[in-house]
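Notes to accompany the following structure.
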Amino acid sequence: MLIKNGRVHNGLGDVVSQDLRINGDQIQTIGPNLAALDGEEIFDASGMEIFPGFVQPLSNWGVNGSMTEIRPSSNDNDERSNPIMPELDAFYAFNGRAATAQQLGAFGLTSCGVGPADNNLFGGTIAMFCVDGINPYRMCLKRGCGMMASVTPNLKKTYGSKQQAPQTRMWTFANFSLQLRKAADSQKQSDPSNDTPKDPGQDDKLEALKKVLDGQLPLFVSCDSKTSARQVWDILKDYPQVKLVLVNGFGLTGDEEWIVENKIPLIVRTAASPLDRDAMTLDWNGIAKLWEQGVPVAFSGTYTNGLSAREDMLWNGIEMMKILHDSSAVLPMLTSVPAKIMGVDHLTGSLQEGLRADIVIWSGNPLESYQAHIVRTYQGGRIIYREGDEMKCM
Amino acid sequence: MYVIQNGTLCTMDGQGVIQADLRVDHGKIIEIGSDLPVNGAEVIDAMGKFVTPGFVDAHSHVGGIAESGQADLNEITNPLTPELDAYYGINPQDDIFQTVIQQGITTSCVAPGSANVVCGWVIAYKSAGQHRLVKRPVALKAAMGINPKGCYAPKNQAPMTRMAIANILRTYLRNVQQYRQKKLEAGDDMAKMPPYDLGLEHGIPVIEKKIPLKVHSYMHDMMTLLEIAEEFDILVTVDHAQGASDFLEELRSPQVHGVIFGPTCEPIFPGEGGKLDYECCKALDDEGVRVAVMTDGPVTTVNMLLFEMGECVRRGMDPVRALAMVTSNAAEIVGISDRVGSLAVGKDADILIWSKMPTVATDAILERVIIDGETVYRQD
């Protein structure tokens, strides 16, 4: 398959007018004037813009629950029985057909992260999937992309209203600190050089958090304000190997030197979260300022209440365009940066030889004009949406 | 008095898109034309800018659902509350109006929430100014589908089903009809006058086709609604309207005063939200049905109008027709087009100045918002 004459946006900030060859599930070659091989299918993309598929780092795609099943229940990524559940794995929340039913390819997405909702202090690990398929094992790009944690008022809403802890931020932060401390102590105990007898009972919660402490699992912390983000950082100073990812970006104004100095990656949600007024408190200029100072900024949709728009990634990009007016600056925030944060940048999120052919051909540049529409979407070299395909009804 | 000079005016009336000056005095547009004499008046330079009417959000709850979650527009204690009036549920001081202004919304059609089958009167309200009430009532709000049954079924009360909703709506309208008839027959004879009933009073302008019944109605509920509208010969607006593309021919009915699509910041999910068919807006517009989009704010975020218009443009709608969905069409549907929704002499000076055409350029910046001639927001 040869895509000729398009403008290739590689998702890393470069745009070149070149041809692109897909072989199997990979991008084989990107270069000028590629000659068609014998019998090779050619797609003439003259005047079109070739984008990497959007990589939504945190989402509810493929997660069933209260709005989708015959009994009322919580969403499958929202275990509201205990605020400390680092041992859970959001891989098990994913249902391939439920994701496929949303036809995300028609909105420019080719991969999505599924993480625990941010209603628990420690919610469990995050996994990345393709957006179109059936079998979660085949759709999965990576498990254990990170550990989801939250210090937002969602905890209080989830548990405090049931007369359980936490009812206050005090509990939230005390236990954020305490759980990490326990895991650190347990880590010392399991160190062979330490002659304290090993704890015979393997505690799943501590084991999960130990992977956070040694940097194997980045720690994604959902924060609702500048203050809570700073408080998290202060606690993490005792654990220098922890790789922090800040989630939400609410309240950040761009003058957070500690974020800039440490280049802490940021996952920002969101343009249009229904029933989520926090989203309107986002200071887009503050986020742009952090980006200008070298902070990796990725966008996401909402993932807390099961409702998010399939257009969220694009709409977030459009909000950022109103500040930066430069699509080659904004596109990485929707593609290569989230791919890097999720640890799948060797697979997707940019158009480079040897990566998966997760490619969207747009009639124009959708970050610049509402008149641009999708002509074709490839996921791993397979067409998952063509212009004119019927949009399904649930 | 001031003149907005050299802008590209999307007039949204017979004049179309023109390069012209626009003169404002005492809160009204008093002159539109080329090279208007300035005579020492203040000048706003709009060279290279797009000038549009202030946006009219045809379905909203702003000012009635506070940040704290306190909801003064949803009285979930009785499924039949036609006697209520959004006028009393709105807090003019709510901070949300600042956010609303920054989105270019100068007038909101504020409705009671959709918990009840008949919910109460709807008003048109400006986002700022000295005289914010544009019209009251503009409609009587009603709701079908999951909201009423979802609110009352858990309490073991009617309506638990869409059957009961149809029944409650029909019975109410019949009662209004009979009440009105009795009043007419009584004339000046107070002895024959029926006992005063505020809820039925609120339905009389609907029965008299002076205002539409504004109905939360998705997919299959549209057919029930049209049957009832024909039966009582009333005007209806079909609000939310997801799935309208399945009923294009039916919606071209004389009973349909307008279709108000959105909000669209959702995935598809089983039931009412099973289809998210932006394409219905172009199709309805092509058929001559008045179509608008909405924010439904602050239930959903109030920044949705541009995205909704943009997504319609992405599906082939003309960018100026898309703009009509939040200006001329929206004002006609709400019944306030004598005041707002277009740039024309005599209309309220509710004006937006954009750096680019907002329904095409994604990075168009809203530079100035004018309500009743006063600048209420400037981007800088």
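Naming scheme: A, B, ... for chains in displayed order of the structure tokens; residues 1 onward per chain; ligands 1 onward as shown.
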
Quiz item: In segment 8-98 of chain B, what's strand (DSSP E or B) per DSSP? Answer as number ranges by chain?
Solution: B: 8-10, 17-25, 28-33, 42-45, 50-53, 55-60, 65, 71, 80, 85

Next, dump the selected residues to file, keeping only N, CA and C atoms, as a CSV table (one decimal), in the first residue's frame.
```csv
chain,number,residue,atom,x,y,z
B,8,THR,N,-16.1,42.4,8.2
B,8,THR,CA,-16.9,41.5,7.4
B,8,THR,C,-18.1,41.1,8.2
B,9,LEU,N,-19.2,41.7,7.8
B,9,LEU,CA,-20.5,41.5,8.7
B,9,LEU,C,-21.2,40.2,8.2
B,10,CYS,N,-21.4,39.3,9.1
B,10,CYS,CA,-22.3,38.2,8.9
B,10,CYS,C,-23.6,38.7,9.4
B,17,VAL,N,-23.5,38.2,3.8
B,17,VAL,CA,-22.2,38.6,4.3
B,17,VAL,C,-21.7,39.7,3.5
B,18,ILE,N,-21.5,40.9,4.2
B,18,ILE,CA,-21.1,42.1,3.5
B,18,ILE,C,-19.9,42.8,4.2
B,19,GLN,N,-19.2,43.6,3.4
B,19,GLN,CA,-18.1,44.4,3.9
B,19,GLN,C,-18.8,45.8,4.2
B,20,ALA,N,-18.9,46.1,5.5
B,20,ALA,CA,-19.6,47.4,5.8
B,20,ALA,C,-19.3,47.9,7.2
B,21,ASP,N,-19.8,49.1,7.4
B,21,ASP,CA,-19.7,49.7,8.7
B,21,ASP,C,-21.0,49.6,9.4
B,22,LEU,N,-21.0,49.7,10.7
B,22,LEU,CA,-22.2,49.5,11.5
B,22,LEU,C,-22.2,50.5,12.6
B,23,ARG,N,-23.3,51.3,12.7
B,23,ARG,CA,-23.4,52.3,13.7
B,23,ARG,C,-24.3,51.9,14.9
B,24,VAL,N,-23.8,52.1,16.1
B,24,VAL,CA,-24.6,51.7,17.3
B,24,VAL,C,-24.9,53.0,18.1
B,25,ASP,N,-26.1,53.1,18.6
B,25,ASP,CA,-26.5,54.2,19.4
B,25,ASP,C,-27.5,53.7,20.4
B,28,LYS,N,-28.7,50.1,20.4
B,28,LYS,CA,-29.3,49.6,19.1
B,28,LYS,C,-28.4,49.8,17.9
B,29,ILE,N,-28.6,48.9,16.9
B,29,ILE,CA,-27.9,49.1,15.7
B,29,ILE,C,-28.8,50.1,14.9
B,30,ILE,N,-28.2,51.3,14.5
B,30,ILE,CA,-29.0,52.3,13.9
B,30,ILE,C,-28.7,52.5,12.4
B,31,GLU,N,-27.6,52.0,12.0
B,31,GLU,CA,-27.2,52.2,10.6
B,31,GLU,C,-26.2,51.1,10.1
B,32,ILE,N,-26.4,50.6,8.9
B,32,ILE,CA,-25.4,49.7,8.4
B,32,ILE,C,-25.1,50.2,6.9
B,33,GLY,N,-23.9,50.3,6.5
B,33,GLY,CA,-23.6,50.7,5.2
B,33,GLY,C,-22.1,51.0,5.0
B,42,GLU,N,-16.8,57.6,18.3
B,42,GLU,CA,-15.8,56.6,18.6
B,42,GLU,C,-15.8,55.6,17.4
B,43,VAL,N,-14.6,55.1,17.1
B,43,VAL,CA,-14.5,54.1,16.0
B,43,VAL,C,-13.9,52.8,16.5
B,44,ILE,N,-14.5,51.7,16.2
B,44,ILE,CA,-13.9,50.4,16.5
B,44,ILE,C,-13.5,49.8,15.2
B,45,ASP,N,-12.2,49.6,15.0
B,45,ASP,CA,-11.6,49.2,13.7
B,45,ASP,C,-11.8,47.7,13.6
B,50,PHE,N,-14.2,39.5,11.5
B,50,PHE,CA,-15.6,39.0,11.3
B,50,PHE,C,-16.5,39.5,12.4
B,51,VAL,N,-17.6,40.1,12.0
B,51,VAL,CA,-18.5,40.7,12.9
B,51,VAL,C,-19.8,39.9,12.8
B,52,THR,N,-20.2,39.3,13.9
B,52,THR,CA,-21.5,38.4,13.9
B,52,THR,C,-22.4,38.9,15.0
B,53,PRO,N,-23.7,38.5,14.8
B,53,PRO,CA,-24.6,38.8,15.9
B,53,PRO,C,-24.1,38.1,17.2
B,55,PHE,N,-24.4,35.4,20.1
B,55,PHE,CA,-25.0,34.1,20.0
B,55,PHE,C,-26.2,34.0,20.9
B,56,VAL,N,-27.2,33.3,20.4
B,56,VAL,CA,-28.4,32.9,21.1
B,56,VAL,C,-28.3,31.4,21.4
B,57,ASP,N,-28.2,31.1,22.7
B,57,ASP,CA,-28.2,29.7,23.1
B,57,ASP,C,-29.6,29.2,23.3
B,58,ALA,N,-30.1,28.4,22.4
B,58,ALA,CA,-31.6,28.1,22.3
B,58,ALA,C,-32.0,27.1,23.4
B,59,HIS,N,-31.1,26.6,24.2
B,59,HIS,CA,-31.5,25.6,25.3
B,59,HIS,C,-30.5,25.6,26.3
B,60,SER,N,-30.8,26.2,27.5
B,60,SER,CA,-29.8,26.3,28.5
B,60,SER,C,-30.4,26.4,29.9
B,65,ILE,N,-28.5,26.6,37.9
B,65,ILE,CA,-27.8,25.4,38.5
B,65,ILE,C,-26.5,25.9,39.0
B,71,ALA,N,-29.7,23.2,42.6
B,71,ALA,CA,-30.4,23.3,41.4
B,71,ALA,C,-31.8,24.0,41.6
B,80,LEU,N,-45.6,16.9,37.2
B,80,LEU,CA,-46.4,17.8,36.4
B,80,LEU,C,-46.3,19.2,37.2
B,85,ASP,N,-41.9,28.6,36.8
B,85,ASP,CA,-41.4,29.7,35.9
B,85,ASP,C,-39.9,29.8,36.1
```

Dump as CSV the rows for residues of chain A within 6 Å of chain B: closest atom pair and distance in Å with one decimal, only C-alpha atoms counted, ordered by chain and rising residue number.
```
residue,atom,partner,partner_atom,distance
A:Ala272,CA,B:Cys265,CA,5.9
A:Pro274,CA,B:Thr300,CA,4.4
A:Leu275,CA,B:Thr300,CA,5.4
A:Leu307,CA,B:Glu266,CA,5.5
A:Ser308,CA,B:Glu266,CA,4.9
A:Ala309,CA,B:Glu266,CA,4.2
A:Arg310,CA,B:Pro267,CA,5.9
A:Ile318,CA,B:Thr362,CA,5.9
A:Met321,CA,B:Asp363,CA,5.4
A:Lys322,CA,B:Asp363,CA,4.2
A:Glu368,CA,B:Thr362,CA,5.3
A:Ser369,CA,B:Ala361,CA,4.9
A:Tyr370,CA,B:Gly310,CA,5.1
A:Gln371,CA,B:Arg314,CA,4.7
A:Ala372,CA,B:Arg314,CA,5.9
A:His373,CA,B:Arg314,CA,5.8
A:Cys393,CA,B:Lys275,CA,4.9
A:Met394,CA,B:Gly274,CA,4.4
```

Quiz item: Residues at most 6 Å from Ser127 of chain B, counting only C-alpha atoms, excluding those fewer than 2 positions away in the same chain, as a PyMOL selection string?
Solution: chain B and resi 97+106-107

Mind writing the picked residues with N, CA and C atoms as an mmCIF file, in the first residue's frame?
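Once written, selection00.cif looks like this:
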```cif
data_model
loop_
_atom_site.group_PDB
_atom_site.id
_atom_site.type_symbol
_atom_site.label_atom_id
_atom_site.label_comp_id
_atom_site.auth_asym_id
_atom_site.auth_seq_id
_atom_site.Cartn_x
_atom_site.Cartn_y
_atom_site.Cartn_z
ATOM 1 N N PHE B 97 -22.322 33.437 34.138
ATOM 2 C CA PHE B 97 -22.611 34.369 33.041
ATOM 3 C C PHE B 97 -21.323 34.968 32.455
ATOM 4 N N THR B 106 -24.809 35.868 24.101
ATOM 5 C CA THR B 106 -25.335 37.123 24.648
ATOM 6 C C THR B 106 -26.764 36.947 25.151
ATOM 7 N N THR B 107 -27.471 35.951 24.620
ATOM 8 C CA THR B 107 -28.816 35.636 25.111
ATOM 9 C C THR B 107 -28.946 34.128 25.290
#
```

Quiz item: Do you have the atom CA of Ser337 of chain B-atom CA of Tyr172 of chain B distance handy?
Solution: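 One can read the atom CA of Ser337 of chain B to atom CA of Tyr172 of chain B distance as 29.4 Å.
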
Quiz item: To one decimal place, how far is atom CA of Cys109 of chain B from atom CA of Glu308 of chain B in Å?
Solution: 17.3 Å

Self-check item: Selection: 7 Å around Gly53 of chain A, only C-alpha atoms, excl. self and same-chain fewer than 5 positions, as a PyMOL selection string
Solution: chain A and resi 108-110+335+349+358-360

Quiz prompt | segment 330-334 of chain B surroundings by only C-alpha atoms, 6 Å radius, close-in-sequence under 2 positions cut, as a VMD selection string | solution = chain B and resid 56 58 258 292 325 to 328 336 to 337 341

Store the residues of this selection in a file with N, CA and C atoms, as a PDB file, in the first residue's frame.
```
ATOM      1  N   VAL B  56     -27.175  33.252  20.368  1.00  0.00           N
ATOM      2  CA  VAL B  56     -28.374  32.915  21.137  1.00  0.00           C
ATOM      3  C   VAL B  56     -28.322  31.422  21.408  1.00  0.00           C
ATOM      4  N   ALA B  58     -30.130  28.372  22.372  1.00  0.00           N
ATOM      5  CA  ALA B  58     -31.561  28.074  22.318  1.00  0.00           C
ATOM      6  C   ALA B  58     -32.036  27.096  23.388  1.00  0.00           C
ATOM      7  N   GLY B 258     -39.218  24.261  15.465  1.00  0.00           N
ATOM      8  CA  GLY B 258     -37.768  24.216  15.314  1.00  0.00           C
ATOM      9  C   GLY B 258     -37.199  22.953  15.946  1.00  0.00           C
ATOM     10  N   ALA B 292     -31.263  24.656  15.301  1.00  0.00           N
ATOM     11  CA  ALA B 292     -30.309  25.373  16.151  1.00  0.00           C
ATOM     12  C   ALA B 292     -29.462  24.331  16.884  1.00  0.00           C
ATOM     13  N   MET B 325     -27.413  28.699  13.176  1.00  0.00           N
ATOM     14  CA  MET B 325     -27.919  27.832  14.248  1.00  0.00           C
ATOM     15  C   MET B 325     -27.758  28.456  15.638  1.00  0.00           C
ATOM     16  N   VAL B 326     -26.923  29.497  15.742  1.00  0.00           N
ATOM     17  CA  VAL B 326     -26.792  30.170  17.042  1.00  0.00           C
ATOM     18  C   VAL B 326     -27.136  31.652  16.929  1.00  0.00           C
ATOM     19  N   THR B 327     -27.679  32.047  15.764  1.00  0.00           N
ATOM     20  CA  THR B 327     -28.047  33.459  15.605  1.00  0.00           C
ATOM     21  C   THR B 327     -29.491  33.564  15.105  1.00  0.00           C
ATOM     22  N   SER B 328     -29.663  33.708  13.785  1.00  0.00           N
ATOM     23  CA  SER B 328     -31.014  33.970  13.258  1.00  0.00           C
ATOM     24  C   SER B 328     -31.990  32.827  13.538  1.00  0.00           C
ATOM     25  N   ILE B 336     -37.580  35.599  19.538  1.00  0.00           N
ATOM     26  CA  ILE B 336     -37.041  36.900  19.926  1.00  0.00           C
ATOM     27  C   ILE B 336     -36.277  37.542  18.762  1.00  0.00           C
ATOM     28  N   SER B 337     -36.630  37.131  17.528  1.00  0.00           N
ATOM     29  CA  SER B 337     -35.876  37.622  16.376  1.00  0.00           C
ATOM     30  C   SER B 337     -36.187  39.091  16.075  1.00  0.00           C
ATOM     31  N   GLY B 341     -30.281  38.203  17.112  1.00  0.00           N
ATOM     32  CA  GLY B 341     -30.069  37.106  16.172  1.00  0.00           C
ATOM     33  C   GLY B 341     -29.621  37.556  14.794  1.00  0.00           C
TER      34      GLY B 341
END
```

Quiz item: Between atom CA of Leu155 of chain A and atom CA of Gln167 of chain A, what is the spacing in Å?
Solution: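 Taking atom CA of Gln167 of chain A as the start and atom CA of Leu155 of chain A as the end point, the length is 7.8 Å.
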
Practice problem: Within segment 124-271 of chain B, find each residue whose DSSP state, derived from the backbone, is alpha helix (DSSP H), and express the selection as JSON, numbers by chain. | Solution: {"B": [146, 147, 148, 149, 150, 151, 152, 162, 163, 164, 165, 166, 167, 168, 169, 170, 171, 172, 173, 174, 175, 176, 177, 178, 179, 180, 181, 182, 183, 184, 185, 186, 198, 199, 200, 201, 204, 205, 206, 207, 221, 222, 223, 224, 225, 226, 227, 228, 229, 230, 231, 232, 248, 249, 250, 251]}

Self-check item: Residues near Ser350 of chain A, cut-off 9 Å, only C-alpha atoms, skip fewer than 2 positions along chain, as number ranges by chain
Solution: A: 9-12, 51-53, 332, 335-336, 339, 345-348, 352, 355-356, 358-359

Within 12 Å of segment 279-302 of chain A, which residues of segment 99-173 of chain A show up? Give each one with its shortest atom-to-atom distance in Å (one decimal) and the two atoms involved, counting only C-alpha atoms, rows by chain then rising residue number, as a tab-separated table.
```
residue	atom	partner	partner_atom	distance
A:Leu109	CA	A:Ser300	CA	11.4
A:Ser111	CA	A:Ser300	CA	11.7
A:Cys112	CA	A:Ser300	CA	9.3
A:Gly113	CA	A:Ser300	CA	9.3
A:Val114	CA	A:Thr302	CA	11.0
A:Gly115	CA	A:Thr302	CA	11.0
A:Pro116	CA	A:Thr302	CA	11.8
A:Ala117	CA	A:Thr302	CA	9.5
A:Asp118	CA	A:Thr302	CA	10.3
```
